[in-house]
$ cat entry.txt   # compact mmCIF, C-alpha atoms and all ligand atoms
# COMPACT_ATOMS: atom_id res chain seq x y z
CA MET A 1 59.52 55.68 103.29
CA PRO A 2 58.69 52.89 105.78
CA ALA A 3 62.09 53.15 107.51
CA TYR A 4 61.40 56.81 108.27
CA SER A 5 57.84 56.15 109.50
CA ALA A 6 59.17 53.67 112.05
CA PHE A 7 61.89 56.12 113.10
CA ILE A 8 59.56 59.06 113.42
CA GLY A 9 57.18 57.02 115.59
CA THR A 10 59.96 56.49 118.15
CA ALA A 11 61.13 60.11 117.84
CA ARG A 12 57.67 61.55 118.45
CA LYS A 13 57.32 59.46 121.62
CA LEU A 14 60.71 60.53 122.95
CA ARG A 15 60.20 64.23 122.08
CA PRO A 16 63.85 65.30 121.65
CA ARG A 17 64.41 69.03 122.11
CA THR A 18 68.09 69.17 121.12
CA ALA A 19 69.63 68.06 117.82
CA ILE A 20 73.37 67.51 117.49
CA VAL A 21 75.16 67.52 114.13
CA LEU A 22 78.49 65.71 114.29
CA GLY A 23 81.35 66.86 112.07
CA SER A 24 84.26 64.95 110.55
CA GLY A 25 85.85 62.32 112.73
CA LEU A 26 83.80 63.16 115.82
CA ALA A 27 81.80 59.91 116.13
CA GLY A 28 83.83 59.03 119.24
CA ALA A 29 82.27 61.98 121.10
CA THR A 30 78.95 60.16 121.46
CA ARG A 31 79.73 57.52 124.07
CA ALA A 32 77.10 58.95 126.42
CA PHE A 33 74.38 58.61 123.77
CA VAL A 34 72.03 55.62 123.94
CA GLU A 35 70.28 55.05 120.64
CA HIS A 36 66.59 54.10 120.49
CA ALA A 37 66.17 54.17 116.69
CA SER A 38 68.08 55.34 113.64
CA VAL A 39 67.68 55.79 109.92
CA GLY A 40 70.04 56.49 106.98
CA PHE A 41 70.06 60.05 105.65
CA GLY A 42 68.79 58.68 102.33
CA ASN A 43 65.51 57.74 104.05
CA VAL A 44 64.94 61.14 105.68
CA PRO A 45 62.78 63.54 103.64
CA GLY A 46 64.92 66.44 102.39
CA LEU A 47 68.26 64.75 103.16
CA VAL A 48 70.74 62.94 100.90
CA PRO A 49 73.52 60.54 101.91
CA PRO A 50 76.90 62.29 102.39
CA THR A 51 79.72 61.28 100.06
CA VAL A 52 82.67 62.26 102.27
CA HIS A 53 84.67 59.66 104.19
CA GLY A 54 84.24 60.21 107.94
CA HIS A 55 80.65 61.43 107.61
CA GLY A 56 78.43 58.48 108.50
CA GLY A 57 75.09 59.78 107.27
CA ARG A 58 72.70 58.47 109.94
CA LEU A 59 70.05 60.18 112.00
CA ALA A 60 69.47 58.65 115.42
CA VAL A 61 67.09 59.44 118.23
CA GLY A 62 67.90 58.45 121.78
CA GLU A 63 69.03 59.74 125.14
CA TRP A 64 72.17 61.60 126.11
CA ALA A 65 72.70 60.91 129.80
CA GLY A 66 68.94 60.48 130.09
CA VAL A 67 67.97 63.56 128.06
CA PRO A 68 66.16 62.87 124.76
CA CYS A 69 68.05 64.13 121.72
CA LEU A 70 68.56 63.74 117.99
CA LEU A 71 71.98 62.89 116.61
CA PHE A 72 72.96 63.50 113.01
CA SER A 73 76.17 61.56 112.34
CA GLY A 74 77.54 63.48 109.40
CA ARG A 75 76.23 66.24 107.19
CA VAL A 76 76.18 67.19 103.55
CA HIS A 77 78.37 70.02 102.34
CA PHE A 78 78.21 72.75 99.77
CA TYR A 79 81.38 71.31 98.18
CA GLU A 80 79.61 68.02 97.44
CA GLY A 81 77.66 69.99 94.86
CA HIS A 82 74.46 70.52 96.86
CA LEU A 83 72.36 73.61 96.90
CA ARG A 84 71.70 75.52 100.12
CA GLY A 85 68.32 73.81 100.61
CA VAL A 86 69.96 70.37 100.76
CA VAL A 87 72.83 71.49 103.02
CA VAL A 88 70.35 72.74 105.61
CA GLY A 89 68.25 69.56 105.38
CA THR A 90 69.53 68.31 108.76
CA VAL A 91 68.37 71.42 110.58
CA ARG A 92 65.01 71.43 108.81
CA ALA A 93 64.46 67.75 109.64
CA ALA A 94 65.33 68.45 113.29
CA ALA A 95 62.85 71.33 113.47
CA GLU A 96 60.19 69.20 111.80
CA ILE A 97 60.65 66.53 114.50
CA GLY A 98 60.21 69.21 117.16
CA ALA A 99 63.75 70.14 118.23
CA ASN A 100 64.20 73.76 119.27
CA ARG A 101 67.95 73.71 119.89
CA VAL A 102 70.69 72.70 117.52
CA VAL A 103 74.31 72.02 118.35
CA LEU A 104 76.60 72.12 115.32
CA THR A 105 80.07 70.62 115.47
CA ASN A 106 82.77 70.64 112.84
CA ALA A 107 86.43 70.05 112.15
CA ALA A 108 88.33 73.24 111.42
CA GLY A 109 91.76 74.65 110.81
CA GLY A 110 93.08 76.96 113.54
CA ILE A 111 94.00 80.48 112.46
CA HIS A 112 94.27 82.14 115.89
CA PRO A 113 97.80 81.49 117.19
CA ALA A 114 96.45 79.99 120.42
CA LEU A 115 94.54 77.24 118.58
CA ASP A 116 96.38 73.93 118.20
CA PRO A 117 95.26 70.50 116.93
CA GLY A 118 93.03 68.91 119.57
CA ASP A 119 91.68 72.24 120.89
CA LEU A 120 88.00 73.19 120.83
CA MET A 121 86.64 76.61 119.93
CA ALA A 122 83.09 77.72 120.61
CA ILE A 123 81.78 79.69 117.63
CA ARG A 124 80.52 83.17 118.53
CA GLY A 125 80.17 84.45 114.97
CA HIS A 126 80.93 83.49 111.40
CA LEU A 127 82.09 84.83 108.07
CA LYS A 128 79.96 83.13 105.44
CA LEU A 129 82.19 83.06 102.36
CA LEU A 130 80.15 80.53 100.42
CA ASP A 131 78.60 82.50 97.60
CA ALA A 132 80.10 83.42 94.26
CA GLY A 133 81.89 86.71 94.84
CA ALA A 134 81.93 86.11 98.60
CA TRP A 135 85.06 88.13 99.25
CA ARG A 136 83.62 91.08 97.42
CA GLY A 137 80.50 90.64 99.54
CA LEU A 138 82.59 90.69 102.68
CA ALA A 139 84.13 94.02 101.75
CA SER A 140 80.88 95.68 100.80
CA ALA A 141 78.30 93.93 103.01
CA THR A 142 77.98 96.66 105.59
CA ALA A 143 77.74 99.50 103.10
CA TRP A 144 75.31 97.58 100.91
CA ARG A 145 72.98 96.74 103.77
CA ALA A 146 72.93 100.34 104.88
CA LEU A 147 72.06 101.42 101.32
CA ALA A 148 69.34 98.81 100.99
CA GLY A 149 67.90 99.84 104.36
CA GLU A 150 68.18 96.26 105.62
CA THR A 151 68.33 95.46 109.27
CA ALA A 152 71.33 93.51 110.55
CA VAL A 153 71.53 89.78 109.84
CA PRO A 154 70.39 87.97 113.01
CA GLN A 155 73.30 86.70 115.07
CA PRO A 156 72.80 82.91 115.16
CA TYR A 157 74.92 81.81 118.10
CA SER A 158 73.16 81.84 121.45
CA ALA A 159 75.02 83.90 124.08
CA ARG A 160 73.24 81.83 126.74
CA LEU A 161 74.54 78.52 125.39
CA LEU A 162 78.00 80.04 124.94
CA ASP A 163 77.95 81.01 128.63
CA ALA A 164 76.82 77.49 129.54
CA MET A 165 79.71 75.98 127.57
CA GLN A 166 82.29 78.30 129.09
CA ALA A 167 80.93 77.75 132.61
CA HIS A 168 81.14 73.99 132.08
CA GLU A 169 84.74 74.21 130.86
CA ARG A 170 85.76 76.53 133.69
CA ALA A 171 84.32 74.08 136.21
CA ALA A 172 86.46 71.38 134.59
CA GLY A 173 89.52 73.62 135.01
CA ARG A 174 89.81 74.56 131.33
CA GLU A 175 89.31 77.66 129.22
CA LEU A 176 87.12 77.43 126.13
CA MET A 177 88.00 80.04 123.56
CA ALA A 178 85.09 81.66 121.72
CA GLY A 179 85.94 82.79 118.21
CA VAL A 180 84.90 83.56 114.67
CA TYR A 181 84.53 80.72 112.16
CA ALA A 182 85.10 81.40 108.46
CA ALA A 183 83.00 79.09 106.27
CA LEU A 184 84.52 78.59 102.83
CA THR A 185 83.21 76.50 99.95
CA GLY A 186 86.11 74.03 99.70
CA PRO A 187 86.59 71.34 98.58
CA SER A 188 90.29 72.23 98.52
CA TYR A 189 91.96 73.60 101.62
CA GLU A 190 92.96 77.25 101.59
CA THR A 191 96.20 78.77 100.39
CA PRO A 192 98.50 80.37 103.00
CA ALA A 193 97.70 83.75 101.43
CA GLU A 194 93.96 83.16 101.89
CA ILE A 195 94.57 82.29 105.53
CA ARG A 196 96.52 85.51 106.07
CA ALA A 197 93.62 87.42 104.52
CA LEU A 198 91.09 85.60 106.71
CA ALA A 199 93.13 86.39 109.82
CA ARG A 200 92.92 90.08 108.94
CA CYS A 201 89.15 89.69 108.56
CA SER A 202 88.94 88.49 112.21
CA ALA A 203 88.61 84.76 111.51
CA ASP A 204 89.94 82.50 114.26
CA ALA A 205 89.20 79.17 112.54
CA VAL A 206 88.32 78.01 109.04
CA GLY A 207 86.13 75.21 107.71
CA MET A 208 83.57 74.24 105.09
CA SER A 209 80.29 73.91 106.92
CA THR A 210 78.07 75.16 109.77
CA ALA A 211 77.29 78.74 108.66
CA LEU A 212 74.31 77.88 106.46
CA GLU A 213 72.91 75.45 109.02
CA ALA A 214 73.27 78.02 111.81
CA GLU A 215 71.46 80.69 109.80
CA GLU A 216 68.68 78.31 108.79
CA ALA A 217 68.19 77.18 112.39
CA THR A 218 67.95 80.81 113.51
CA GLN A 219 65.36 81.51 110.84
CA LEU A 220 63.40 78.51 112.10
CA GLY A 221 63.46 80.00 115.61
CA MET A 222 65.91 77.47 117.03
CA GLU A 223 68.60 78.21 119.59
CA VAL A 224 72.06 77.54 118.13
CA ALA A 225 75.38 76.52 119.65
CA ALA A 226 78.41 75.53 117.60
CA VAL A 227 81.82 74.10 118.41
CA SER A 228 84.85 73.67 116.17
CA CYS A 229 87.30 70.88 116.78
CA ILE A 230 90.67 72.21 115.66
CA THR A 231 92.29 69.41 113.67
CA ASN A 232 95.21 71.33 112.18
CA LYS A 233 96.91 74.69 112.03
CA ALA A 234 95.40 76.44 108.98
CA ALA A 235 97.38 76.42 105.73
CA GLY A 236 100.81 78.02 106.03
CA LEU A 237 100.70 78.18 109.84
CA GLY A 238 101.83 74.65 110.66
CA ALA A 239 104.61 72.30 109.67
CA THR A 240 102.46 69.71 107.86
CA THR A 241 100.60 69.68 104.54
CA LEU A 242 96.86 69.45 105.12
CA ASP A 243 94.82 66.43 104.19
CA HIS A 244 91.54 64.83 105.21
CA THR A 245 93.28 61.88 106.92
CA GLU A 246 95.11 64.29 109.24
CA VAL A 247 91.75 65.94 110.00
CA LEU A 248 90.17 62.60 110.94
CA THR A 249 93.18 61.50 113.01
CA ASN A 250 93.53 64.74 114.96
CA ALA A 251 89.79 64.95 115.66
CA GLN A 252 90.39 61.97 117.97
CA LEU A 253 92.47 64.21 120.26
CA ALA A 254 89.34 66.12 121.19
CA VAL A 255 86.50 63.57 121.20
CA VAL A 256 86.37 63.03 124.95
CA ARG A 257 86.24 66.77 125.72
CA MET A 258 83.77 67.33 122.88
CA GLY A 259 81.54 64.60 124.33
CA GLU A 260 81.54 66.31 127.74
CA LEU A 261 80.70 69.64 126.17
CA LEU A 262 77.85 68.15 124.15
CA GLY A 263 76.49 66.64 127.36
CA ALA A 264 76.54 70.10 128.99
CA LEU A 265 74.65 71.57 126.02
CA VAL A 266 72.01 68.85 126.00
CA ARG A 267 71.45 69.42 129.73
CA ALA A 268 71.47 73.26 129.62
CA ASP A 269 67.99 74.64 130.57
N1 LIG A 301 90.44 74.33 106.25
C1 LIG A 301 89.17 74.07 105.89
N2 LIG A 301 88.45 73.09 106.42
C2 LIG A 301 89.02 72.34 107.37
C3 LIG A 301 90.34 72.55 107.79
C4 LIG A 301 91.09 73.61 107.20
O1 LIG A 301 92.27 73.87 107.52
N3 LIG A 301 90.59 71.62 108.76
C5 LIG A 301 89.46 70.88 108.90
N4 LIG A 301 88.50 71.31 108.05
$ encode --input "entry.txt" --output "structure tokens"
Amino acid sequence: MPAYSAFIGTARKLRPRTAIVLGSGLAGATRAFVEHASVGFGNVPGLVPPTVHGHGGRLAVGEWAGVPCLLFSGRVHFYEGHLRGVVVGTVRAAAEIGANRVVLTNAAGGIHPALDPGDLMAIRGHLKLLDAGAWRGLASATAWRALAGETAVPQPYSARLLDAMQAHERAAGRELMAGVYAALTGPSYETPAEIRALARCSADAVGMSTALEAEEATQLGMEVAAVSCITNKAAGLGATTLDHTEVLTNAQLAVVRMGELLGALVRAD
């Protein structure tokens, strides 16, 4: 892969420590990023090009306000038919290049009543409802782990980076809610009844990504931060019928604030 060899040469010189994964419609959050080199996902070992509109599928290396970083524009999803190993390809590629921090962003539906389109929510925990029988797993996970003598699943989201995000937002005169993200398989949006059930399971927002990447990054020893851009009220909670165009349009409401937050995460010690 000659395109990747050229890219990796630049990346190794720049030594990025932070990798950012941009979710649907969030390309406008990267105005502070100056690209030095980039490559299509199809040329990165372990990655495949995304098929979803709004997910560019490029890996760039450059500087964010002078700090070296990697930028994945787009990701691949479980609902595109990929196995776990492909979905986490971004995070693995970032670790391979030498990054030790990953910032995951996504578009999500707001379940918590305080979350409206255009809001951001820092993720402090997730419900990973991606496997066959996931709901059953949710009900029995605690009991099963106790029976199997397993230790708790490591908590992926860095409390330190969460503090840094909230301190940054407070200094800007805003509150950043921290909440629980429910990751579902998609590709269809949820039913209102599913959203009511998720609310009772403590979910504050719902989407179709991030959980697998966060867990993989944790296993690789990386520090993880994640932010949801709320693009709609979750099914049954708002006046409109959900569609991907609405998601892309409403993501624009939050790109400036998301860009500032990403800058704070890239700069955090
Ligand atoms: N549900 C699932 N995924 C989403 C949503 C939603 O309401 N909004 C954006 N991504």
$ residues_near_ligand --input "entry.txt" --ligand "ligand LIG 301 (chain A)" --cutoff "8 Å" --atoms "only C-alpha atoms and all ligand atoms" --output "list in words"
Asn106, Ala107, Ala108, Gly109, Gly110, Ala183, Leu184, Gly186, Ser188, Tyr189, Glu190, Ala205, Val206, Gly207, Met208, Ile230, Thr231, Asn232, Lys233, Ala234, Ala235, Leu242, His244 and Val247 of chain A
$ write_last_selection --input "entry.txt" --atoms "C-alpha atoms" --output "mmCIF file, in the frame of the given file"
data_model
loop_
_atom_site.group_PDB
_atom_site.id
_atom_site.type_symbol
_atom_site.label_atom_id
_atom_site.label_comp_id
_atom_site.auth_asym_id
_atom_site.auth_seq_id
_atom_site.Cartn_x
_atom_site.Cartn_y
_atom_site.Cartn_z
ATOM 1 C CA ASN A 106 82.770 70.640 112.840
ATOM 2 C CA ALA A 107 86.430 70.050 112.150
ATOM 3 C CA ALA A 108 88.330 73.240 111.420
ATOM 4 C CA GLY A 109 91.760 74.650 110.810
ATOM 5 C CA GLY A 110 93.080 76.960 113.540
ATOM 6 C CA ALA A 183 83.000 79.090 106.270
ATOM 7 C CA LEU A 184 84.520 78.590 102.830
ATOM 8 C CA GLY A 186 86.110 74.030 99.700
ATOM 9 C CA SER A 188 90.290 72.230 98.520
ATOM 10 C CA TYR A 189 91.960 73.600 101.620
ATOM 11 C CA GLU A 190 92.960 77.250 101.590
ATOM 12 C CA ALA A 205 89.200 79.170 112.540
ATOM 13 C CA VAL A 206 88.320 78.010 109.040
ATOM 14 C CA GLY A 207 86.130 75.210 107.710
ATOM 15 C CA MET A 208 83.570 74.240 105.090
ATOM 16 C CA ILE A 230 90.670 72.210 115.660
ATOM 17 C CA THR A 231 92.290 69.410 113.670
ATOM 18 C CA ASN A 232 95.210 71.330 112.180
ATOM 19 C CA LYS A 233 96.910 74.690 112.030
ATOM 20 C CA ALA A 234 95.400 76.440 108.980
ATOM 21 C CA ALA A 235 97.380 76.420 105.730
ATOM 22 C CA LEU A 242 96.860 69.450 105.120
ATOM 23 C CA HIS A 244 91.540 64.830 105.210
ATOM 24 C CA VAL A 247 91.750 65.940 110.000
#
$ closest_residue --input "entry.txt" --among "A:Arg17, A:Arg75, A:Arg200, A:Arg267" --to "Val102 (chain A)" --atoms "all atoms listed in the file"
A:Arg17
$ atom_distance --input "entry.txt" --atom1 "CA of Gly85 (chain A)" --atom2 "CA of Lys128 (chain A)"
15.7 Å
$ closest_residue --input "entry.txt" --among "A:Pro49, A:Pro192, A:Ala122, A:Arg84" --to "Thr105 (chain A)" --atoms "only C-alpha atoms"
A:Ala122
$ atom_distance --input "entry.txt" --atom1 "CA of Thr10 (chain A)" --atom2 "CA of Ala37 (chain A)"
6.8 Å
$ residues_around --input "entry.txt" --residues "Val39 (chain A)" --least-positions-apart "6" --cutoff "10 Å" --atoms "all atoms listed in the file" --output "mmCIF file with C-alpha atoms, keeping the file's coordinate frame"
data_model
loop_
_atom_site.group_PDB
_atom_site.id
_atom_site.type_symbol
_atom_site.label_atom_id
_atom_site.label_comp_id
_atom_site.auth_asym_id
_atom_site.auth_seq_id
_atom_site.Cartn_x
_atom_site.Cartn_y
_atom_site.Cartn_z
ATOM 1 C CA ALA A 3 62.090 53.150 107.510
ATOM 2 C CA TYR A 4 61.400 56.810 108.270
ATOM 3 C CA SER A 5 57.840 56.150 109.500
ATOM 4 C CA ALA A 6 59.170 53.670 112.050
ATOM 5 C CA PHE A 7 61.890 56.120 113.100
ATOM 6 C CA ILE A 8 59.560 59.060 113.420
ATOM 7 C CA GLY A 57 75.090 59.780 107.270
ATOM 8 C CA ARG A 58 72.700 58.470 109.940
ATOM 9 C CA LEU A 59 70.050 60.180 112.000
ATOM 10 C CA ALA A 60 69.470 58.650 115.420
ATOM 11 C CA VAL A 61 67.090 59.440 118.230
ATOM 12 C CA PHE A 72 72.960 63.500 113.010
#
$ closest_residue --input "entry.txt" --among "A:Leu70, A:Gly25, A:Met177, A:Val48" --to "Glu246 (chain A)" --atoms "all atoms listed in the file"
A:Gly25
$ atom_distance --input "entry.txt" --atom1 "CA of Gly9 (chain A)" --atom2 "CA of Val34 (chain A)"
17.1 Å
$ residues_around --input "entry.txt" --residues "His82 (chain A)" --least-positions-apart "4" --cutoff "12 Å" --atoms "only C-alpha atoms" --output "PDB file with C-alpha atoms, in the coordinates of the input"
ATOM      1  CA  GLY A  46      64.920  66.440 102.390  1.00  0.00           C
ATOM      2  CA  LEU A  47      68.260  64.750 103.160  1.00  0.00           C
ATOM      3  CA  VAL A  48      70.740  62.940 100.900  1.00  0.00           C
ATOM      4  CA  PRO A  49      73.520  60.540 101.910  1.00  0.00           C
ATOM      5  CA  PRO A  50      76.900  62.290 102.390  1.00  0.00           C
ATOM      6  CA  THR A  51      79.720  61.280 100.060  1.00  0.00           C
ATOM      7  CA  ARG A  75      76.230  66.240 107.190  1.00  0.00           C
ATOM      8  CA  VAL A  76      76.180  67.190 103.550  1.00  0.00           C
ATOM      9  CA  HIS A  77      78.370  70.020 102.340  1.00  0.00           C
ATOM     10  CA  PHE A  78      78.210  72.750  99.770  1.00  0.00           C
ATOM     11  CA  VAL A  86      69.960  70.370 100.760  1.00  0.00           C
ATOM     12  CA  VAL A  87      72.830  71.490 103.020  1.00  0.00           C
ATOM     13  CA  VAL A  88      70.350  72.740 105.610  1.00  0.00           C
ATOM     14  CA  GLY A  89      68.250  69.560 105.380  1.00  0.00           C
ATOM     15  CA  THR A 185      83.210  76.500  99.950  1.00  0.00           C
TER      16      THR A 185
END
$ closest_residue --input "entry.txt" --among "A:Leu198, A:Ala217, A:Ala193, A:Ala226" --to "Ala178 (chain A)" --atoms "only C-alpha atoms"
A:Ala226
$ axis_aligned_box --input "entry.txt" --around "region 96-115 of chain A" --padding-each-side "4 Å" --output "AutoDock Vina command-line options"
--center_x 79.0 --center_y 74.3 --center_z 115.6 --size_x 45.6 --size_y 23.6 --size_z 17.6
$ closest_residue --input "entry.txt" --among "A:Tyr157, A:Val266, A:Met222, A:Val256" --to "Leu71 (chain A)" --atoms "all atoms listed in the file"
A:Val266
$ residues_around --input "entry.txt" --residues "Gln155 (chain A)" --least-positions-apart "3" --cutoff "9 Å" --atoms "all atoms listed in the file" --output "JSON, numbers by chain"
{"A": [124, 125, 152, 158, 215, 218]}
$ residues_near_point --input "entry.txt" --point "(86.5, 60.3, 113.3)" --cutoff "10 Å" --atoms "all atoms listed in the file" --output "list in words"
Leu22, Gly23, Ser24, Gly25, Leu26, Ala27, Gly28, Ala29, His53, Gly54, His55, Gly56, Ala107, Thr245, Val247, Leu248, Thr249, Asn250, Ala251, Gln252, Leu253 and Val255 of chain A
$ residues_near_point --input "entry.txt" --point "(66.2, 59.2, 130.6)" --cutoff "12 Å" --atoms "only C-alpha atoms" --output "ChimeraX atom specification"
/A:14-16,32-36,62-69,267
$ closest_residue --input "entry.txt" --among "A:Met165, A:Ile97, A:Ala159, A:Leu115" --to "Val224 (chain A)" --atoms "all atoms listed in the file"
A:Ala159
$ residues_around --input "entry.txt" --residues "Leu261 (chain A)" --least-positions-apart "4" --cutoff "8 Å" --atoms "only C-alpha atoms" --output "list in words"
Met165, His168, Glu169, Arg257 and Leu265 of chain A
$ write_last_selection --input "entry.txt" --atoms "C-alpha atoms" --output "compact mmCIF listing (two decimals), in the frame of the given file"
# COMPACT_ATOMS: atom_id res chain seq x y z
CA MET A 165 79.71 75.98 127.57
CA HIS A 168 81.14 73.99 132.08
CA GLU A 169 84.74 74.21 130.86
CA ARG A 257 86.24 66.77 125.72
CA LEU A 265 74.65 71.57 126.02
$ residues_around --input "entry.txt" --residues "Glu216 (chain A)" --least-positions-apart "3" --cutoff "9 Å" --atoms "only C-alpha atoms" --output "PyMOL selection string"
chain A and resi 88+91-92+156+211-213+219-222
$ decode --input "entry.txt" --residues "region 218-235 of chain A" --atoms "N, CA and C atoms" --output "PDB file, in the first residue's frame"
ATOM      1  N   THR A 218      -9.725   0.863  25.410  1.00  0.00           N
ATOM      2  CA  THR A 218      -9.374   0.604  26.811  1.00  0.00           C
ATOM      3  C   THR A 218      -8.498  -0.640  26.911  1.00  0.00           C
ATOM      4  N   GLN A 219      -8.883  -1.664  26.147  1.00  0.00           N
ATOM      5  CA  GLN A 219      -8.070  -2.887  26.170  1.00  0.00           C
ATOM      6  C   GLN A 219      -6.664  -2.640  25.658  1.00  0.00           C
ATOM      7  N   LEU A 220      -6.548  -1.674  24.738  1.00  0.00           N
ATOM      8  CA  LEU A 220      -5.223  -1.357  24.185  1.00  0.00           C
ATOM      9  C   LEU A 220      -4.460  -0.387  25.093  1.00  0.00           C
ATOM     10  N   GLY A 221      -5.056  -0.040  26.229  1.00  0.00           N
ATOM     11  CA  GLY A 221      -4.372   0.836  27.187  1.00  0.00           C
ATOM     12  C   GLY A 221      -4.493   2.311  26.862  1.00  0.00           C
ATOM     13  N   MET A 222      -5.446   2.666  25.993  1.00  0.00           N
ATOM     14  CA  MET A 222      -5.592   4.077  25.624  1.00  0.00           C
ATOM     15  C   MET A 222      -6.571   4.772  26.580  1.00  0.00           C
ATOM     16  N   GLU A 223      -6.398   6.077  26.677  1.00  0.00           N
ATOM     17  CA  GLU A 223      -7.320   6.892  27.470  1.00  0.00           C
ATOM     18  C   GLU A 223      -8.472   7.291  26.535  1.00  0.00           C
ATOM     19  N   VAL A 224      -9.706   7.202  27.014  1.00  0.00           N
ATOM     20  CA  VAL A 224     -10.854   7.409  26.125  1.00  0.00           C
ATOM     21  C   VAL A 224     -11.737   8.562  26.603  1.00  0.00           C
ATOM     22  N   ALA A 225     -12.087   9.437  25.672  1.00  0.00           N
ATOM     23  CA  ALA A 225     -13.152  10.419  25.920  1.00  0.00           C
ATOM     24  C   ALA A 225     -14.161  10.268  24.795  1.00  0.00           C
ATOM     25  N   ALA A 226     -15.425  10.533  25.078  1.00  0.00           N
ATOM     26  CA  ALA A 226     -16.432  10.425  24.019  1.00  0.00           C
ATOM     27  C   ALA A 226     -17.503  11.486  24.209  1.00  0.00           C
ATOM     28  N   VAL A 227     -17.964  12.018  23.085  1.00  0.00           N
ATOM     29  CA  VAL A 227     -18.974  13.077  23.115  1.00  0.00           C
ATOM     30  C   VAL A 227     -20.051  12.784  22.082  1.00  0.00           C
ATOM     31  N   SER A 228     -21.307  12.829  22.522  1.00  0.00           N
ATOM     32  CA  SER A 228     -22.433  12.689  21.602  1.00  0.00           C
ATOM     33  C   SER A 228     -22.933  14.063  21.209  1.00  0.00           C
ATOM     34  N   CYS A 229     -23.208  14.194  19.914  1.00  0.00           N
ATOM     35  CA  CYS A 229     -23.883  15.390  19.432  1.00  0.00           C
ATOM     36  C   CYS A 229     -25.352  15.004  19.280  1.00  0.00           C
ATOM     37  N   ILE A 230     -26.202  15.630  20.033  1.00  0.00           N
ATOM     38  CA  ILE A 230     -27.628  15.271  19.998  1.00  0.00           C
ATOM     39  C   ILE A 230     -28.252  15.897  18.755  1.00  0.00           C
ATOM     40  N   THR A 231     -28.698  15.047  17.839  1.00  0.00           N
ATOM     41  CA  THR A 231     -29.222  15.554  16.561  1.00  0.00           C
ATOM     42  C   THR A 231     -30.738  15.505  16.513  1.00  0.00           C
ATOM     43  N   ASN A 232     -31.338  14.834  17.470  1.00  0.00           N
ATOM     44  CA  ASN A 232     -32.810  14.695  17.480  1.00  0.00           C
ATOM     45  C   ASN A 232     -33.241  14.209  18.849  1.00  0.00           C
ATOM     46  N   LYS A 233     -34.501  14.450  19.164  1.00  0.00           N
ATOM     47  CA  LYS A 233     -35.113  13.787  20.317  1.00  0.00           C
ATOM     48  C   LYS A 233     -35.303  12.328  19.890  1.00  0.00           C
ATOM     49  N   ALA A 234     -35.021  11.368  20.760  1.00  0.00           N
ATOM     50  CA  ALA A 234     -35.154   9.961  20.393  1.00  0.00           C
ATOM     51  C   ALA A 234     -36.616   9.642  20.033  1.00  0.00           C
ATOM     52  N   ALA A 235     -36.780   8.517  19.347  1.00  0.00           N
ATOM     53  CA  ALA A 235     -38.091   8.158  18.780  1.00  0.00           C
ATOM     54  C   ALA A 235     -39.224   8.284  19.811  1.00  0.00           C
TER      55      ALA A 235
END
